[in-house]
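So this block is target-v4.txt, compact mmCIF, C-alpha atoms:
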# COMPACT_ATOMS: atom_id res chain seq x y z
CA ALA A 1 42.11 -47.01 121.60
CA ALA A 2 39.78 -48.42 118.93
CA VAL A 3 36.04 -47.83 119.33
CA LEU A 4 33.21 -49.13 117.13
CA ILE A 5 30.40 -46.82 116.03
CA ALA A 6 28.05 -49.85 116.21
CA ASN A 7 24.68 -48.28 115.38
CA GLU A 8 25.16 -45.79 112.54
CA GLU A 9 22.88 -47.66 110.14
CA ASN A 10 20.29 -48.43 112.82
CA SER A 11 19.97 -45.32 114.96
CA THR A 12 16.96 -46.82 116.75
CA ALA A 13 19.41 -49.07 118.65
CA LEU A 14 20.53 -46.70 121.38
CA GLY A 15 22.96 -47.14 124.25
CA VAL A 16 25.70 -48.90 122.27
CA GLY A 17 28.96 -47.91 120.61
CA VAL A 18 30.90 -44.69 120.72
CA ASP A 19 27.97 -42.47 121.71
CA GLU A 20 27.24 -44.52 124.84
CA LEU A 21 30.93 -44.75 125.77
CA ASN A 22 31.18 -40.98 125.42
CA ALA A 23 28.06 -40.45 127.53
CA ARG A 24 29.62 -42.54 130.30
CA GLY A 25 32.94 -40.67 130.10
CA MET A 26 34.78 -43.84 129.12
CA ILE A 27 36.67 -42.27 126.18
CA ALA A 28 37.41 -38.89 127.73
CA HIS A 29 41.10 -39.80 127.94
CA ILE A 30 41.49 -39.65 124.15
CA LYS A 31 40.86 -35.91 124.23
CA ASN A 32 44.62 -35.72 124.90
CA GLY A 33 45.33 -36.64 121.29
CA PRO A 34 43.68 -36.76 117.88
CA VAL A 35 40.62 -38.92 117.20
CA TYR A 36 40.45 -40.49 113.75
CA TRP A 37 36.92 -41.27 112.59
CA VAL A 38 37.36 -44.00 109.96
CA ASP A 39 34.11 -43.67 108.04
CA ALA A 40 34.83 -41.74 104.83
CA ALA A 41 36.09 -42.94 101.45
CA ASP A 42 38.62 -42.71 98.65
CA LYS A 43 41.68 -42.73 100.95
CA GLN A 44 42.09 -38.95 101.19
CA PRO A 45 41.46 -36.90 104.37
CA CYS A 46 37.89 -35.63 104.66
CA LEU A 47 37.93 -32.11 106.11
CA GLY A 48 34.20 -31.58 106.48
CA THR A 49 30.72 -33.01 106.23
CA ALA A 50 27.25 -31.48 106.17
CA GLY A 51 24.43 -31.21 108.62
CA MET A 52 21.17 -32.85 107.56
CA VAL A 53 17.54 -32.05 108.24
CA ALA A 54 14.84 -34.35 106.85
CA TRP A 55 11.46 -32.73 106.18
CA GLN A 56 7.94 -33.51 104.96
CA LEU A 57 5.68 -31.01 103.19
CA LYS A 58 2.00 -31.97 102.96
CA ALA A 59 -0.52 -30.08 100.83
CA THR A 60 -4.22 -30.38 101.59
CA GLY A 61 -6.66 -29.30 98.88
CA LYS A 62 -10.08 -30.48 97.73
CA LEU A 63 -10.79 -33.73 95.93
CA PHE A 64 -12.88 -33.41 92.76
CA HIS A 65 -13.37 -34.75 89.24
CA SER A 66 -10.54 -33.66 86.93
CA GLY A 67 -13.10 -32.59 84.33
CA LEU A 68 -14.21 -29.84 86.71
CA PRO A 69 -10.86 -28.49 87.95
CA HIS A 70 -12.37 -25.13 88.89
CA GLN A 71 -14.20 -26.89 91.73
CA ALA A 72 -11.08 -28.52 93.12
CA ILE A 73 -7.96 -27.38 94.97
CA ASN A 74 -5.17 -29.37 93.38
CA PRO A 75 -2.68 -30.35 96.13
CA LEU A 76 -0.18 -31.67 93.60
CA GLU A 77 0.12 -28.26 91.97
CA MET A 78 0.08 -26.54 95.36
CA VAL A 79 2.89 -28.64 96.83
CA MET A 80 4.98 -28.19 93.66
CA GLU A 81 4.64 -24.41 93.77
CA GLY A 82 5.07 -24.35 97.53
CA LEU A 83 8.27 -26.36 97.31
CA SER A 84 9.59 -24.10 94.58
CA ASN A 85 8.99 -21.11 96.86
CA LEU A 86 10.77 -22.83 99.76
CA GLN A 87 13.77 -23.73 97.63
CA GLN A 88 14.15 -20.21 96.26
CA ARG A 89 14.09 -18.76 99.75
CA PHE A 90 16.44 -21.42 101.11
CA TYR A 91 19.11 -20.68 98.50
CA ARG A 92 18.71 -16.95 99.18
CA ASP A 93 19.26 -17.43 102.94
CA PHE A 94 21.91 -20.17 102.72
CA PRO A 95 24.07 -19.29 99.71
CA PRO A 96 27.53 -20.77 99.03
CA HIS A 97 29.72 -19.87 102.02
CA PRO A 98 33.23 -18.40 101.53
CA LEU A 99 34.81 -21.15 103.67
CA GLU A 100 33.44 -23.92 101.46
CA GLU A 101 36.19 -23.30 98.91
CA LYS A 102 38.89 -23.42 101.59
CA TYR A 103 37.63 -26.79 102.80
CA GLY A 104 37.13 -28.15 99.29
CA PHE A 105 33.40 -28.85 99.51
CA VAL A 106 32.18 -30.48 96.32
CA THR A 107 28.76 -28.79 96.63
CA CYS A 108 27.20 -25.98 98.63
CA SER A 109 24.21 -26.38 100.96
CA SER A 110 21.13 -27.81 99.28
CA MET A 111 17.42 -28.38 99.77
CA LYS A 112 15.58 -30.81 97.51
CA PRO A 113 12.73 -33.34 97.31
CA THR A 114 13.55 -37.05 97.36
CA GLN A 115 10.11 -38.69 97.77
CA TRP A 116 6.57 -37.99 96.51
CA SER A 117 3.29 -39.62 97.53
CA TYR A 118 -0.50 -39.24 97.38
CA PRO A 119 -3.35 -41.43 98.66
CA GLY A 120 -4.18 -42.93 95.28
CA GLY A 121 -7.24 -42.74 93.05
CA GLY A 122 -8.21 -42.64 89.39
CA VAL A 123 -6.32 -40.63 86.83
CA ASN A 124 -9.49 -38.57 86.33
CA GLN A 125 -9.57 -37.55 89.99
CA ILE A 126 -7.79 -34.60 91.58
CA PRO A 127 -6.72 -35.92 95.00
CA ALA A 128 -7.36 -34.27 98.35
CA GLU A 129 -3.76 -34.27 99.48
CA ALA A 130 -0.20 -34.78 98.33
CA THR A 131 3.06 -35.09 100.21
CA VAL A 132 6.68 -34.51 99.31
CA CYS A 133 9.65 -35.41 101.51
CA GLY A 134 13.28 -34.46 101.22
CA ASP A 135 16.22 -33.04 103.08
CA MET A 136 18.35 -29.99 103.66
CA ARG A 137 22.10 -30.53 103.58
CA LEU A 138 23.97 -27.71 105.26
CA THR A 139 27.71 -27.10 105.13
CA PRO A 140 29.04 -26.79 108.70
CA PHE A 141 29.19 -23.01 108.50
CA TYR A 142 25.39 -22.91 108.81
CA SER A 143 23.24 -24.01 111.73
CA ALA A 144 20.70 -26.82 111.26
CA ASP A 145 18.53 -25.31 113.99
CA GLU A 146 18.52 -21.94 112.21
CA ALA A 147 17.58 -23.63 108.93
CA ILE A 148 14.62 -25.35 110.60
CA ILE A 149 13.38 -22.03 111.99
CA LYS A 150 13.70 -20.46 108.54
CA LEU A 151 11.88 -23.33 106.82
CA LYS A 152 8.98 -23.17 109.26
CA GLY A 153 8.78 -19.42 108.68
CA TYR A 154 8.61 -19.87 104.91
CA VAL A 155 5.61 -22.20 105.25
CA GLU A 156 3.86 -19.88 107.68
CA ASP A 157 4.30 -16.99 105.22
CA ILE A 158 2.79 -19.02 102.38
CA ASN A 159 -0.20 -20.13 104.46
CA ARG A 160 -0.98 -16.54 105.43
CA ASP A 161 -2.00 -15.97 101.82
CA ILE A 162 -2.06 -19.27 99.95
CA SER A 163 -3.67 -17.55 96.97
CA ALA A 164 -0.40 -15.69 96.36
CA LEU A 165 1.28 -18.90 95.19
CA PRO A 166 1.59 -19.18 91.41
CA THR A 167 -1.09 -21.36 89.82
CA ARG A 168 -1.05 -23.70 86.82
CA GLY A 169 -3.41 -22.33 84.21
CA PRO A 170 -6.52 -20.09 84.22
CA VAL A 171 -8.74 -22.42 86.30
CA SER A 172 -6.12 -23.52 88.83
CA LYS A 173 -6.68 -22.03 92.30
CA TYR A 174 -5.92 -22.64 95.96
CA THR A 175 -9.01 -20.95 97.41
CA LEU A 176 -12.66 -21.52 96.50
CA GLU A 177 -15.68 -19.20 96.69
CA GLU A 178 -17.24 -21.53 99.24
CA GLY A 179 -14.50 -20.40 101.66
CA LEU A 180 -12.29 -23.46 101.45
CA LYS A 181 -8.53 -22.79 101.38
CA GLY A 182 -5.64 -25.06 100.66
CA LYS A 183 -2.82 -25.31 103.17
CA LEU A 184 0.71 -26.57 103.55
CA GLU A 185 1.96 -28.45 106.61
CA LEU A 186 5.65 -28.89 107.44
CA THR A 187 6.97 -31.72 109.58
CA ILE A 188 10.61 -32.18 110.56
CA LEU A 189 11.43 -35.89 110.41
CA GLY A 190 13.67 -37.23 113.15
CA GLU A 191 16.52 -35.35 114.78
CA PRO A 192 18.72 -32.96 112.79
CA CYS A 193 22.36 -33.89 112.30
CA SER A 194 25.10 -31.24 112.56
CA GLY A 195 27.94 -30.88 110.08
CA ILE A 196 31.61 -30.63 110.99
CA ALA A 197 34.58 -28.61 109.79
CA CYS A 198 37.68 -30.39 111.06
CA THR A 199 40.46 -28.29 112.57
CA ILE A 200 42.87 -27.98 109.67
CA ASP A 201 45.92 -26.76 111.60
CA SER A 202 45.67 -29.31 114.43
CA PRO A 203 48.45 -31.91 114.96
CA GLY A 204 45.94 -34.62 114.09
CA ASN A 205 45.26 -33.23 110.63
CA VAL A 206 48.88 -32.32 109.92
CA VAL A 207 50.07 -35.86 110.71
CA LEU A 208 47.20 -37.44 108.75
CA CYS A 209 48.12 -35.42 105.67
CA GLU A 210 51.81 -36.28 106.04
CA ALA A 211 51.10 -39.99 106.39
CA THR A 212 48.67 -39.97 103.45
CA LYS A 213 51.21 -38.32 101.17
CA GLU A 214 53.96 -40.75 102.19
CA VAL A 215 51.78 -43.80 101.44
CA LEU A 216 49.84 -42.60 98.37
CA GLY A 217 52.30 -40.09 96.92
CA GLU A 218 49.83 -37.23 97.23
CA CYS A 219 47.38 -35.71 99.68
CA LYS A 220 44.22 -34.12 98.34
CA PRO A 221 41.80 -33.38 101.20
CA TYR A 222 38.14 -32.88 100.33
CA SER A 223 34.79 -32.15 101.93
CA LEU A 224 31.31 -33.23 100.92
CA THR A 225 27.70 -32.76 101.95
CA GLY A 226 27.14 -36.29 103.10
CA SER A 227 26.54 -36.50 106.84
CA LEU A 228 28.16 -38.39 109.70
CA PRO A 229 26.58 -38.90 113.12
CA LEU A 230 28.20 -37.74 116.36
CA VAL A 231 31.31 -36.14 114.87
CA LYS A 232 30.27 -32.54 115.53
CA GLU A 233 29.11 -33.41 119.04
CA LEU A 234 32.49 -34.98 119.82
CA GLN A 235 34.33 -31.99 118.38
CA ASP A 236 32.24 -29.62 120.50
CA GLN A 237 33.22 -31.63 123.58
CA GLY A 238 36.91 -31.06 122.95
CA TYR A 239 38.02 -33.97 120.76
CA ASP A 240 40.41 -33.21 117.88
CA LEU A 241 38.31 -35.18 115.45
CA GLN A 242 39.70 -35.97 112.00
CA ILE A 243 37.98 -38.03 109.30
CA MET A 244 39.47 -40.66 107.03
CA GLY A 245 38.21 -43.73 105.18
CA TYR A 246 39.19 -46.34 102.65
CA GLY A 247 36.00 -47.51 100.98
CA LEU A 248 34.86 -46.41 97.51
CA MET A 249 32.62 -43.38 97.31
CA LYS A 250 31.28 -44.48 93.92
CA THR A 251 29.73 -47.56 95.54
CA TYR A 252 28.12 -45.80 98.52
CA HIS A 253 24.73 -47.47 99.18
CA ALA A 254 24.95 -49.28 95.85
CA LYS A 255 23.09 -52.56 95.36
CA ASN A 256 26.45 -54.30 95.43
CA GLU A 257 28.49 -52.06 97.71
CA TYR A 258 32.12 -53.08 97.90
CA GLY A 259 35.61 -51.90 98.74
CA LEU A 260 39.09 -52.94 97.59
CA LEU A 261 41.46 -54.89 99.83
CA SER A 262 44.31 -52.88 98.30
CA ASP A 263 42.68 -49.66 99.55
CA PHE A 264 42.25 -51.15 103.02
CA ALA A 265 45.95 -52.08 102.96
CA HIS A 266 46.78 -48.46 102.19
CA GLY A 267 44.61 -47.42 105.11
CA PHE A 268 46.48 -49.75 107.44
CA GLN A 269 49.77 -48.27 106.23
CA VAL A 270 48.52 -44.72 106.80
CA MET A 271 47.35 -45.53 110.32
CA SER A 272 50.65 -47.27 111.09
CA LYS A 273 52.55 -44.17 110.02
CA ILE A 274 50.28 -41.97 112.15
CA VAL A 275 51.05 -44.09 115.22
CA GLU A 276 54.75 -44.03 114.36
CA LYS A 277 54.84 -40.24 113.95
CA PHE A 278 53.10 -39.55 117.25
CA SER A 279 55.28 -42.12 119.02
CA ASN A 280 58.41 -40.38 117.77
CA LYS A 281 57.11 -37.06 119.11
CA ALA A 282 56.31 -38.47 122.56

Just give me the structure of the file as structure tokens.
Amino acid sequence: AAVLIANEENSTALGVGVDELNARGMIAHIKNGPVYWVDAADKQPCLGTAGMVAWQLKATGKLFHSGLPHQAINPLEMVMEGLSNLQQRFYRDFPPHPLEEKYGFVTCSSMKPTQWSYPGGGVNQIPAEATVCGDMRLTPFYSADEAIIKLKGYVEDINRDISALPTRGPVSKYTLEEGLKGKLELTILGEPCSGIACTIDSPGNVVLCEATKEVLGECKPYSLTGSLPLVKELQDQGYDLQIMGYGLMKTYHAKNEYGLLSDFAHGFQVMSKIVEKFSNKA
């Protein structure tokens, strides 16, 4: 059976593709054999992907003239120091996992900013608020739900005593004598995505590796902290899900994303050999 994902790049379009077919029980029969998710790159088997949690951290301070910084609460400085605190605690609680080496993950779990914003204003004005957004990428040996609980706890701890955050210079502060205090607000953006560690010793993976080696002359499985939708959910429901793909990782989301027809031809050969091997075992 061949099933299209259909809505990976537009997750607002619900009720179509593999997730809807699965919800209706229309692909339950393929639990009897391996399921190959063709959405990776570089022609080698992908053994694992990461979970992903998108977050927003907003700092609220006090707007004031930059020539009188002692009368302001600088949200830019506060969100920078707050984020630094969150990252330090994240890497303490989610360090490199021993299984990451076995699966060949190219990086460990990570938490980092990817977007910054503030309402605007003159360069001589300390703004009232500032916002940073980013994500957590979690190897599949950590729970996205647990990471969210931890992240919320970090922010709550900081807000209990915002003055404990490091400041930037002798007049920088996050509380004022008038009783005003700065604060951080955390928002989780969208739904978290779970990572997957494919079953290495399953027939599906064994045959994929054999076919890859026969076509390409070598088999070098890898894992990475990009994320794929639905794969973990399908695995949890009993599918022997394996990941493969024949695009080019170096052009992922590039302005001129492309793949090579020769790589797609290799992919067709690999899939043909997979079908042949399972047919011979039937």

Query raised in the report: Closest to Ile158 in chain A among A:Pro140, A:Pro95, A:Gly247, A:Gly82, using all atoms listed in the file?
Result: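 Looking only at the distances to Ile158 in chain A, the closest residue turns out to be A:Gly82.
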
Query raised in the report: Can you tell me, as a PyMOL selection string, what residues are no more than 12 Å from range 100-108 of chain A when counting all atoms listed in the file, ignoring any on the same chain fewer than 4 positions away?
Result: chain A and resi 45-51+90-91+94-96+136-142+196-200+220-226

Query raised in the report: Please, what distance in Å, to one decimal, runs between CA of Gly67 in chain A and CA of Thr167 in chain A?
Result: 17.3 Å

All file atoms of range 81-91 of chain A boxed axis-aligned, 4 Å per side, centre plus edges, as AutoDock Vina command-line options:
--center_x 11.9 --center_y -22.6 --center_z 97.4 --size_x 22.5 --size_y 15.6 --size_z 15.3

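Here CA of Ile188 in chain A stands at a distance of 17.3 Å from CA of Asp157 in chain A.
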
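Using all atoms listed in the file, the nearest neighbour of Thr212 in chain A within the list A:Cys133, A:Met52, A:Leu186, A:Met271 is A:Met271.
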
Query raised in the report: Of the candidates A:Leu189, A:Lys281, A:Lys232, A:Leu63, which shows the shortest atom-to-atom distance to Gly120 in chain A, using all atoms listed in the file?
Result: A:Leu63

Requested in this report: Considering all atoms listed in the file, state which residue in the set A:Gly217, A:Gly245, A:Gly33, A:Pro229 is at the smallest distance from Glu191 in chain A.
Outcome: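 Result for the nearest residue to Glu191 in chain A: A:Pro229.
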
**Report entry** Nearest residue to Glu178 in chain A from the set A:Ala72, A:Leu57, A:Ala40, A:Val18 (distances using all atoms listed in the file)
**Finding:**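 Distance minimum relative to Glu178 in chain A lands on A:Ala72.
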
**Report entry** Separation of CA of Tyr239 in chain A from CA of Pro192 in chain A, in Å and rounded to one decimal
**Finding:**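 Pair CA of Tyr239 in chain A / CA of Pro192 in chain A returns 20.9 Å.
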
Query raised in the report: Quick one: of A:His29, A:Arg24, A:Lys213, A:Lys112, who's nearest to Gly267 in chain A, counting all atoms listed in the file?
Result: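 The shortest atom-to-atom distance to Gly267 in chain A comes from A:Lys213.
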
**Report entry** Residue neighbourhood Lys62 in chain A, 12 Å, all atoms listed in the file, exclusion window fewer than 2 positions, as a ChimeraX atom specification
**Finding:** /A:59-60,64-66,68-78,125-130,172-176,178-183
